[in-house]
$ cat target_39.txt   # compact mmCIF, C-alpha atoms
# COMPACT_ATOMS: atom_id res chain seq x y z
CA MET G 1 0.00 0.00 0.00
CA ALA G 2 1.29 3.45 -0.93
CA PRO G 3 2.26 5.66 2.05
CA ARG G 4 -0.23 8.35 3.02
CA PRO G 5 0.79 11.82 1.77
CA ALA G 6 2.10 14.15 4.47
CA TRP G 7 -0.79 16.58 3.98
CA ALA G 8 -3.41 13.83 4.38
CA SER G 9 -3.64 13.78 8.17
CA ARG G 10 -5.99 11.41 9.95
CA ASN G 11 -8.30 14.31 10.80
CA PHE G 12 -8.29 15.47 7.19
CA LEU G 13 -9.25 12.01 5.94
CA LEU G 14 -12.03 11.70 8.51
CA LEU G 15 -13.39 15.13 7.63
CA SER G 16 -13.24 14.39 3.92
CA ALA G 17 -15.01 11.04 4.31
CA ALA G 18 -17.73 12.58 6.48
CA THR G 19 -18.20 15.41 3.99
CA VAL G 20 -18.61 12.98 1.09
CA ILE G 21 -21.17 10.92 3.02
CA SER G 22 -23.28 13.89 4.10
CA GLY G 23 -22.87 15.51 0.66
CA LEU G 24 -24.30 12.44 -1.06
CA GLY G 25 -27.33 12.57 1.22
CA ASN G 26 -27.81 16.33 0.97
CA SER G 27 -27.73 16.47 -2.81
CA GLY G 28 -30.42 13.83 -3.07
CA ALA G 29 -32.46 15.42 -0.30
CA LEU G 30 -32.69 18.74 -2.14
CA ILE G 31 -34.45 16.95 -5.00
CA ALA G 32 -36.54 14.86 -2.64
CA THR G 33 -37.76 17.92 -0.72
CA SER G 34 -39.12 19.55 -3.88
CA PHE G 35 -40.93 16.39 -4.93
CA ALA G 36 -42.25 15.85 -1.40
CA VAL G 37 -43.88 19.30 -1.56
CA LEU G 38 -45.28 18.63 -5.04
CA GLY G 39 -46.46 15.18 -4.02
CA ASP G 40 -48.50 16.73 -1.22
CA GLY G 41 -50.32 18.84 -3.79
CA GLY G 42 -48.05 21.86 -3.46
CA SER G 43 -47.36 24.33 -6.24
CA ALA G 44 -44.13 25.82 -7.54
CA THR G 45 -44.72 28.70 -5.12
CA ASP G 46 -44.91 26.22 -2.24
CA VAL G 47 -41.61 24.68 -3.31
CA GLY G 48 -40.10 28.16 -3.23
CA LEU G 49 -41.53 28.84 0.22
CA VAL G 50 -39.98 25.67 1.67
CA SER G 51 -36.65 26.57 0.04
CA ALA G 52 -36.87 30.08 1.51
CA ALA G 53 -37.72 28.62 4.92
CA ARG G 54 -34.34 26.90 4.86
CA MET G 55 -32.43 29.89 3.51
CA VAL G 56 -33.69 32.56 5.92
CA PRO G 57 -32.39 31.02 9.21
CA LEU G 58 -29.22 29.96 7.41
CA VAL G 59 -28.47 33.60 6.62
CA LEU G 60 -29.70 34.93 9.98
CA PHE G 61 -27.64 32.58 12.17
CA LEU G 62 -24.39 32.32 10.15
CA LEU G 63 -22.52 35.00 12.08
CA ILE G 64 -23.59 33.57 15.44
CA GLY G 65 -22.59 30.12 14.19
CA GLY G 66 -19.13 31.41 13.31
CA ALA G 67 -18.65 33.03 16.71
CA VAL G 68 -19.84 29.88 18.52
CA ALA G 69 -17.46 27.72 16.47
CA ASP G 70 -14.53 29.91 17.56
CA ARG G 71 -15.61 29.71 21.23
CA LEU G 72 -16.35 25.99 21.52
CA PRO G 73 -14.53 22.93 20.19
CA ARG G 74 -15.43 22.95 16.51
CA HIS G 75 -15.88 19.20 16.21
CA ARG G 76 -18.55 19.32 18.93
CA VAL G 77 -20.40 22.11 17.11
CA MET G 78 -20.29 20.01 13.93
CA ILE G 79 -21.56 16.88 15.66
CA ALA G 80 -24.37 18.83 17.35
CA ALA G 81 -25.39 20.33 14.00
CA ASN G 82 -25.29 16.90 12.36
CA THR G 83 -27.52 15.58 15.13
CA VAL G 84 -30.05 18.38 14.61
CA ASN G 85 -30.06 17.75 10.85
CA CYS G 86 -30.38 14.00 11.36
CA LEU G 87 -33.41 14.41 13.61
CA SER G 88 -35.11 17.02 11.41
CA GLN G 89 -34.60 15.01 8.22
CA GLY G 90 -35.68 11.81 9.97
CA LEU G 91 -38.93 13.43 11.09
CA PHE G 92 -39.40 14.93 7.61
CA ALA G 93 -38.98 11.44 6.10
CA LEU G 94 -41.42 9.91 8.60
CA LEU G 95 -44.09 12.51 7.78
CA VAL G 96 -43.66 12.02 4.03
CA LEU G 97 -43.65 8.22 4.24
CA SER G 98 -46.78 8.23 6.41
CA GLY G 99 -48.55 10.56 3.98
CA SER G 100 -49.27 13.09 6.72
CA ALA G 101 -46.79 15.85 5.77
CA ARG G 102 -48.24 19.34 5.60
CA LEU G 103 -46.70 22.41 4.04
CA TRP G 104 -46.15 24.22 7.35
CA GLN G 105 -44.47 21.13 8.81
CA MET G 106 -42.13 20.82 5.84
CA ALA G 107 -41.29 24.52 6.02
CA LEU G 108 -40.61 24.29 9.76
CA LEU G 109 -38.33 21.26 9.37
CA ALA G 110 -36.53 22.96 6.50
CA ALA G 111 -35.95 25.96 8.79
CA VAL G 112 -34.53 23.67 11.48
CA GLY G 113 -32.19 22.18 8.88
CA GLY G 114 -31.08 25.65 7.76
CA THR G 115 -30.35 26.62 11.35
CA GLY G 116 -28.20 23.51 11.79
CA GLN G 117 -26.32 24.35 8.60
CA ALA G 118 -25.68 27.90 9.85
CA PHE G 119 -23.78 26.52 12.83
CA PHE G 120 -22.18 23.67 10.92
CA ALA G 121 -20.68 25.50 7.93
CA PRO G 122 -18.30 27.92 9.73
CA ALA G 123 -17.21 25.20 12.17
CA ALA G 124 -16.58 22.74 9.34
CA GLU G 125 -14.51 25.19 7.33
CA GLY G 126 -12.46 26.13 10.38
CA MET G 127 -11.89 22.46 11.18
CA VAL G 128 -10.75 21.66 7.65
CA PHE G 129 -8.31 24.59 7.73
CA ALA G 130 -6.97 23.50 11.12
CA SER G 131 -6.43 19.90 9.90
CA VAL G 132 -4.11 20.98 7.07
CA SER G 133 -0.59 22.34 7.36
CA GLY G 134 2.55 22.63 5.30
CA GLU G 135 3.28 23.76 1.79
CA ARG G 136 0.87 21.18 0.32
CA ALA G 137 -2.19 22.85 1.84
CA GLY G 138 -3.44 23.81 -1.62
CA ARG G 139 -3.27 20.18 -2.77
CA ALA G 140 -5.21 19.09 0.33
CA PHE G 141 -7.94 21.66 -0.34
CA ALA G 142 -8.12 20.53 -3.97
CA VAL G 143 -8.59 16.91 -2.92
CA PHE G 144 -11.24 17.99 -0.42
CA ARG G 145 -13.07 19.88 -3.16
CA ILE G 146 -12.95 16.81 -5.40
CA GLY G 147 -14.83 14.95 -2.67
CA VAL G 148 -17.35 17.78 -2.27
CA ASN G 149 -18.03 18.04 -6.00
CA GLY G 150 -18.09 14.29 -6.54
CA ALA G 151 -20.63 13.87 -3.75
CA ALA G 152 -22.79 16.64 -5.23
CA ILE G 153 -22.77 15.05 -8.68
CA GLY G 154 -23.30 11.50 -7.45
CA GLY G 155 -25.86 12.51 -4.83
CA ALA G 156 -27.99 14.39 -7.34
CA ALA G 157 -27.92 11.49 -9.80
CA LEU G 158 -28.69 8.85 -7.16
CA GLY G 159 -31.26 11.05 -5.46
CA GLY G 160 -33.15 11.65 -8.66
CA ALA G 161 -33.19 7.96 -9.49
CA LEU G 162 -34.28 6.98 -5.97
CA VAL G 163 -37.05 9.58 -5.87
CA THR G 164 -38.42 8.02 -9.06
CA ALA G 165 -38.00 4.45 -7.89
CA ALA G 166 -38.90 4.63 -4.19
CA GLY G 167 -40.34 8.08 -3.52
CA PRO G 168 -38.96 11.18 -1.78
CA GLY G 169 -39.57 9.88 1.75
CA TRP G 170 -36.92 7.17 1.45
CA VAL G 171 -34.38 9.62 0.04
CA LEU G 172 -34.98 11.90 3.03
CA ALA G 173 -34.52 8.91 5.33
CA ILE G 174 -31.20 8.13 3.63
CA ASP G 175 -30.15 11.74 4.18
CA ALA G 176 -30.93 11.41 7.90
CA ALA G 177 -28.82 8.25 8.04
CA ALA G 178 -26.00 10.05 6.19
CA PHE G 179 -26.00 12.81 8.81
CA ALA G 180 -25.82 10.18 11.55
CA ALA G 181 -22.89 8.43 9.85
CA ALA G 182 -21.05 11.70 9.18
CA GLY G 183 -21.52 12.85 12.78
CA SER G 184 -20.19 9.52 14.03
CA LEU G 185 -17.05 9.86 11.91
CA ARG G 186 -16.49 13.37 13.23
CA GLY G 187 -16.65 11.93 16.74
CA PHE G 188 -13.33 10.19 16.03
CA LEU G 189 -11.45 13.42 15.29
CA ASP G 190 -8.29 13.85 17.36
CA VAL G 191 -8.38 17.33 18.89
CA THR G 192 -5.45 16.99 21.28
CA GLY G 193 -2.67 19.43 20.62
CA PHE G 194 -4.74 22.06 18.84
CA PRO G 195 -4.01 25.67 19.85
CA LEU G 196 -5.55 26.82 23.10
CA ARG G 197 -7.85 29.82 23.11
CA ALA G 198 -8.24 32.36 25.86
CA PRO G 199 -11.80 32.93 27.12
CA SER G 200 -13.57 35.59 25.04
CA ALA G 201 -15.60 38.55 26.26
CA GLY G 202 -18.83 37.32 24.68
CA ILE G 203 -20.53 36.62 21.37
CA ALA G 204 -21.00 40.31 20.49
CA ASN G 205 -17.31 40.98 21.06
CA ASP G 206 -16.41 37.93 18.96
CA LEU G 207 -18.57 39.21 16.10
CA ARG G 208 -16.90 42.62 16.26
CA ASP G 209 -13.51 40.94 16.31
CA GLY G 210 -14.43 38.88 13.26
CA TRP G 211 -15.64 42.00 11.48
CA ARG G 212 -12.32 43.72 12.22
CA GLU G 213 -10.47 40.71 10.78
CA VAL G 214 -12.44 41.05 7.55
CA THR G 215 -12.36 44.84 7.18
CA SER G 216 -8.66 45.11 8.06
CA ARG G 217 -7.77 43.08 4.96
CA PRO G 218 -8.76 44.85 1.71
CA TRP G 219 -8.34 41.67 -0.35
CA LEU G 220 -10.76 39.85 1.95
CA TRP G 221 -13.61 42.35 2.18
CA ALA G 222 -13.31 43.21 -1.52
CA ILE G 223 -13.80 39.60 -2.63
CA VAL G 224 -16.55 38.94 -0.07
CA ALA G 225 -18.40 42.05 -1.30
CA GLN G 226 -17.83 40.99 -4.90
CA PHE G 227 -19.33 37.56 -4.31
CA CYS G 228 -22.36 38.99 -2.57
CA VAL G 229 -23.38 40.09 -6.07
CA VAL G 230 -21.55 37.58 -8.28
CA ASN G 231 -22.88 34.52 -6.50
CA ALA G 232 -26.41 35.94 -6.52
CA VAL G 233 -26.17 36.59 -10.26
CA VAL G 234 -24.78 33.14 -11.02
CA VAL G 235 -27.52 31.42 -9.00
CA THR G 236 -30.17 33.54 -10.72
CA VAL G 237 -28.85 32.65 -14.17
CA GLN G 238 -28.74 28.95 -13.34
CA SER G 239 -31.98 28.63 -11.41
CA VAL G 240 -34.26 31.14 -13.16
CA TYR G 241 -33.12 32.27 -16.60
CA GLY G 242 -31.36 29.07 -17.69
CA PRO G 243 -34.43 26.81 -17.51
CA LEU G 244 -36.56 29.46 -19.26
CA VAL G 245 -34.12 29.82 -22.16
CA ALA G 246 -33.78 26.04 -22.41
CA GLU G 247 -37.55 25.64 -22.56
CA ASP G 248 -37.99 28.31 -25.23
CA HIS G 249 -34.91 27.81 -27.43
CA LEU G 250 -32.82 24.74 -26.62
CA GLY G 251 -35.28 21.86 -26.47
CA GLY G 252 -36.34 21.76 -22.83
CA ALA G 253 -35.02 20.20 -19.66
CA GLY G 254 -32.74 17.66 -21.34
CA PRO G 255 -30.24 20.12 -22.86
CA TRP G 256 -30.28 22.24 -19.70
CA GLY G 257 -29.59 19.17 -17.58
CA LEU G 258 -26.65 18.38 -19.87
CA ALA G 259 -25.32 21.91 -19.37
CA LEU G 260 -25.56 21.63 -15.59
CA ALA G 261 -23.87 18.22 -15.70
CA ALA G 262 -21.08 19.75 -17.78
CA PHE G 263 -20.66 22.50 -15.17
CA ALA G 264 -20.45 19.92 -12.37
CA THR G 265 -17.93 17.88 -14.35
CA GLY G 266 -15.91 21.05 -14.89
CA THR G 267 -15.76 21.72 -11.14
CA ALA G 268 -14.46 18.20 -10.52
CA SER G 269 -11.89 18.65 -13.30
CA GLY G 270 -10.82 22.01 -11.88
CA ALA G 271 -10.24 20.51 -8.44
CA LEU G 272 -8.19 17.71 -10.02
CA LEU G 273 -6.11 20.33 -11.85
CA MET G 274 -5.41 22.14 -8.58
CA THR G 275 -3.89 19.02 -7.04
CA ARG G 276 -0.98 19.63 -9.44
CA PHE G 277 -0.93 23.41 -9.58
CA THR G 278 -0.32 26.01 -6.87
CA PRO G 279 -0.07 29.51 -8.33
CA ARG G 280 2.36 31.93 -6.73
CA ARG G 281 -0.11 34.83 -6.84
CA LEU G 282 -3.11 33.14 -5.30
CA LEU G 283 -5.80 35.78 -5.52
CA LEU G 284 -4.71 37.22 -8.86
CA THR G 285 -5.06 33.76 -10.39
CA GLY G 286 -8.33 33.08 -8.61
CA THR G 287 -9.89 36.43 -9.46
CA LEU G 288 -8.98 36.16 -13.14
CA CYS G 289 -10.92 32.89 -13.10
CA ILE G 290 -14.09 34.78 -12.11
CA PHE G 291 -14.33 36.48 -15.51
CA PRO G 292 -15.52 33.24 -17.20
CA LEU G 293 -18.57 33.21 -14.89
CA ALA G 294 -20.02 35.89 -17.16
CA LEU G 295 -19.97 33.54 -20.16
CA PRO G 296 -23.04 31.39 -19.35
CA ALA G 297 -25.24 34.49 -19.03
CA ALA G 298 -23.92 35.82 -22.33
CA ALA G 299 -24.37 32.43 -24.00
CA LEU G 300 -27.99 32.24 -22.83
CA ALA G 301 -28.63 35.80 -23.99
CA VAL G 302 -27.65 34.93 -27.58
CA PRO G 303 -28.65 31.98 -27.16
CA VAL G 304 -25.95 29.58 -28.39
CA PRO G 305 -26.72 25.94 -29.35
CA ALA G 306 -26.92 23.38 -26.55
CA GLY G 307 -23.54 21.82 -27.36
CA TRP G 308 -21.74 25.16 -27.15
CA LEU G 309 -23.57 25.97 -23.93
CA ALA G 310 -22.41 22.68 -22.38
CA ALA G 311 -18.80 23.42 -23.38
CA ILE G 312 -19.02 26.92 -21.89
CA MET G 313 -20.51 25.55 -18.66
CA PHE G 314 -17.69 22.98 -18.42
CA GLY G 315 -15.04 25.69 -18.75
CA THR G 316 -16.85 27.83 -16.21
CA GLY G 317 -16.88 24.94 -13.75
CA VAL G 318 -13.11 24.53 -14.10
CA ALA G 319 -12.58 28.25 -13.49
CA VAL G 320 -14.85 28.29 -10.43
CA GLU G 321 -12.89 25.49 -8.82
CA VAL G 322 -9.53 27.14 -9.46
CA PHE G 323 -10.87 30.18 -7.62
CA SER G 324 -12.28 28.05 -4.78
CA VAL G 325 -8.97 26.33 -4.05
CA THR G 326 -6.88 29.51 -4.30
CA TRP G 327 -9.36 31.26 -1.99
CA MET G 328 -9.21 28.48 0.61
CA THR G 329 -5.41 28.49 0.42
CA ALA G 330 -5.27 32.26 0.90
CA LEU G 331 -7.58 32.13 3.93
CA HIS G 332 -5.58 29.27 5.45
CA GLN G 333 -2.35 31.23 4.97
CA GLU G 334 -3.52 34.64 6.16
CA ILE G 335 -6.20 34.16 8.86
CA PRO G 336 -5.25 33.22 12.45
CA GLU G 337 -6.46 29.74 13.32
CA GLU G 338 -8.53 30.87 16.29
CA LYS G 339 -10.54 33.22 14.04
CA PHE G 340 -11.12 30.95 11.03
CA SER G 341 -14.77 30.26 11.77
CA ARG G 342 -15.74 33.88 12.40
CA VAL G 343 -14.13 34.98 9.13
CA SER G 344 -15.71 32.00 7.37
CA SER G 345 -19.15 33.04 8.62
CA TYR G 346 -18.76 36.51 7.07
CA ASP G 347 -17.60 34.86 3.86
CA TRP G 348 -20.65 32.56 3.85
CA LEU G 349 -22.96 35.46 4.62
CA GLY G 350 -21.55 37.47 1.75
CA SER G 351 -22.02 34.53 -0.62
CA LEU G 352 -25.64 33.84 0.40
CA ALA G 353 -27.19 37.16 1.41
CA GLY G 354 -27.82 38.42 -2.11
CA VAL G 355 -29.30 35.19 -3.51
CA PRO G 356 -32.92 35.58 -2.31
CA VAL G 357 -33.02 39.22 -3.45
CA ALA G 358 -31.59 38.45 -6.90
CA THR G 359 -33.86 35.49 -7.58
CA ALA G 360 -36.89 37.49 -6.43
CA LEU G 361 -35.97 40.35 -8.80
CA ALA G 362 -35.24 38.09 -11.79
CA GLY G 363 -38.85 37.96 -12.98
CA PRO G 364 -39.56 41.70 -12.65
CA ALA G 365 -36.24 42.51 -14.38
CA GLN G 366 -37.15 40.26 -17.29
CA ASN G 367 -40.57 41.87 -17.56
CA LEU G 368 -39.08 45.35 -17.46
CA ILE G 369 -36.16 45.10 -19.92
CA GLY G 370 -36.58 41.69 -21.54
CA ARG G 371 -34.76 38.43 -20.89
CA PRO G 372 -31.78 38.99 -23.24
CA ALA G 373 -31.09 42.41 -21.72
CA ALA G 374 -31.38 40.97 -18.20
CA LEU G 375 -28.88 38.25 -19.07
CA TRP G 376 -26.45 40.71 -20.65
CA SER G 377 -26.77 42.81 -17.49
CA CYS G 378 -25.83 39.75 -15.41
CA ALA G 379 -22.75 39.18 -17.54
CA ALA G 380 -21.80 42.88 -17.30
CA LEU G 381 -22.16 42.91 -13.51
CA ILE G 382 -19.82 39.94 -13.10
CA THR G 383 -17.26 41.44 -15.47
CA LEU G 384 -17.28 44.92 -13.95
CA LEU G 385 -17.13 43.75 -10.34
CA THR G 386 -14.27 41.37 -11.09
CA ALA G 387 -12.35 44.11 -12.86
CA ALA G 388 -12.95 46.38 -9.85
CA VAL G 389 -11.56 43.77 -7.45
CA LEU G 390 -8.40 43.55 -9.55
CA CYS G 391 -7.86 47.23 -8.78
CA VAL G 392 -7.16 46.30 -5.14
CA PRO G 393 -3.35 45.99 -4.84
CA GLU G 394 -3.53 43.26 -2.19
CA VAL G 395 -5.60 41.07 -4.52
CA ARG G 396 -2.97 41.37 -7.25
CA ASN G 397 0.03 40.99 -4.96
CA LEU G 398 -0.89 38.43 -2.26
CA THR G 399 1.72 35.72 -2.69
CA HIS G 400 1.70 32.07 -1.71
CA HIS G 401 4.46 31.51 0.84
CA PRO G 402 4.76 27.97 2.21
CA PRO G 403 6.02 27.59 5.78
CA THR G 404 9.78 27.62 6.19
CA SER G 405 9.76 24.71 8.64
CA PRO G 406 7.67 21.56 8.84
CA PRO G 407 4.69 21.61 11.20
CA THR G 408 5.19 20.34 14.71
CA PRO G 409 3.23 17.12 15.37
CA PRO G 410 0.36 17.64 17.80
CA THR G 411 1.00 16.62 21.38
CA LYS G 412 -1.47 16.13 24.15
CA SER G 413 -1.73 19.24 26.30
CA ASN G 414 -3.03 19.96 29.75
CA ASN G 415 -5.42 22.88 29.72
CA PRO G 416 -4.90 25.63 32.26
CA PRO G 417 -8.01 26.86 34.04
CA GLY G 418 -10.47 28.66 31.80
CA THR G 419 -9.21 27.23 28.51
CA PHE G 420 -9.97 24.15 26.43
CA ASN G 421 -8.70 22.15 23.51
CA SER G 422 -10.09 23.10 20.14
CA PRO G 423 -11.38 22.86 17.57
$ encode --input "target_39.txt" --output "structure tokens"
Amino acid sequence: MAPRPAWASRNFLLLSAATVISGLGNSGALIATSFAVLGDGGSATDVGLVSAARMVPLVLFLLIGGAVADRLPRHRVMIAANTVNCLSQGLFALLVLSGSARLWQMALLAAVGGTGQAFFAPAAEGMVFASVSGERAGRAFAVFRIGVNGAAIGGAALGGALVTAAGPGWVLAIDAAAFAAAGSLRGFLDVTGFPLRAPSAGIANDLRDGWREVTSRPWLWAIVAQFCVVNAVVVTVQSVYGPLVAEDHLGGAGPWGLALAAFATGTASGALLMTRFTPRRLLLTGTLCIFPLALPAAALAVPVPAGWLAAIMFGTGVAVEVFSVTWMTALHQEIPEEKFSRVSSYDWLGSLAGVPVATALAGPAQNLIGRPAALWSCAALITLLTAAVLCVPEVRNLTHHPPTSPPTPPTKSNNPPGTFNSP
């Protein structure tokens, strides 16, 4: 058997395996939830309401989740969140399988799941960062992203097939079991030897401290602000305008599904590329890879034939993943370990906050200026904001600098009063 790479620590492997397991369940559950609502006689509006019920608490509690994850051992926050998600999805599955699910119940359980995710996401990102060290951190993040993307692709495919074959209730039950399995794996994480943290002055102070960490770094707040708009535009193009263009000009759901599959394949290919490539100028490389995100909107505005659209979506997926890995590497290099989760929560908030607004405005914008003009506007927004971010000197100049000495192996420590091992 080949020796384990130095960057693939036991914690990293456990986290990666748990992420793949829960990712497989989550991707299928997203499909199952929509069909559970429709199967209960719900409309497209009802599907949107249940989706919004999950998104609202996710956005509202992200910052608190980040502060909590920097106060408490992160693995315990993750396990607690997994437990909440397991129970909520298990109850959701039971209601659907028994035929007694009601819209308000599904919305409430979706909200519980979103709350769990708000606490889980910052803790998980901080834990992944803390489990990686050395000059091969970028390769580790690329491998982790391969697992994330592979689980998303496989989970969606399996989830769709299982919804058709067995019904949405069983897919939701599988998701609950996946959360249980992932939480169990995270229970085996070795947290001895992680840096000790001094007691903080409270959640509000932690949030202010996290805000200072973000605003004191121009490269960080500039890219977070950029993605508040860019991510919202990309989601709007993919979830609203793309299906409409496909229905009117490309032949329906089949060609659009092919385009989305090409995008997903591109993200997996991009992560694979980044296992072999670590750019010296991390954020310059990553930000240049945001320009291609304007291409799908432009292609749909034309619109180009389905084959060309699939090729464009594949290339966009590659570019997105190059950015994702360079971004993770930059955060790992520049942000103090004890503040990872707070900074991550602001990053998550920036990425998600604009999505509900943009998707809600997509229809009125199309009615006001027409769909092609709306799509060209989306492409222009991405291009202009990315060009603006490149005007920030720190974005152009932040350089990858691997540690000059190998990391010290963790050793078991005795906590002085008032402190604890983390994450």
$ closest_residue --input "target_39.txt" --among "G:Ala151, G:Leu63, G:Val37, G:Leu13" --to "Val128 (chain G)" --atoms "all atoms listed in the file"
G:Leu13
$ residues_around --input "target_39.txt" --residues "Val143 (chain G)" --least-positions-apart "3" --cutoff "8 Å" --atoms "all atoms listed in the file" --output "ChimeraX atom specification"
/G:139-140,146-147,271-272,275
$ residues_around --input "target_39.txt" --residues "Glu247 (chain G)" --least-positions-apart "4" --cutoff "12 Å" --atoms "only C-alpha atoms" --output "number ranges by chain"
G: 240-243, 251-257, 300, 303, 306
$ residues_near_point --input "target_39.txt" --point "(-23.4, 15.2, -1.2)" --cutoff "9 Å" --atoms "all atoms listed in the file" --output "list in words"
Thr19, Val20, Ile21, Ser22, Gly23, Leu24, Gly25, Asn26, Ser27, Gly28, Gly147, Val148, Asn149, Gly150, Ala151, Ala152, Ile153, Gly154, Gly155 and Ala156 of chain G
$ atom_distance --input "target_39.txt" --atom1 "CA of Ala301 (chain G)" --atom2 "CA of Leu375 (chain G)"
5.5 Å
$ closest_residue --input "target_39.txt" --among "G:Gly266, G:Ile382, G:Gln366, G:Leu361" --to "Leu295 (chain G)" --atoms "only C-alpha atoms"
G:Ile382
$ closest_residue --input "target_39.txt" --among "G:Leu352, G:Leu189, G:Ala373, G:Val234" --to "Val320 (chain G)" --atoms "all atoms listed in the file"
G:Val234
$ atom_distance --input "target_39.txt" --atom1 "CA of Leu87 (chain G)" --atom2 "CA of Ala173 (chain G)"
10.0 Å
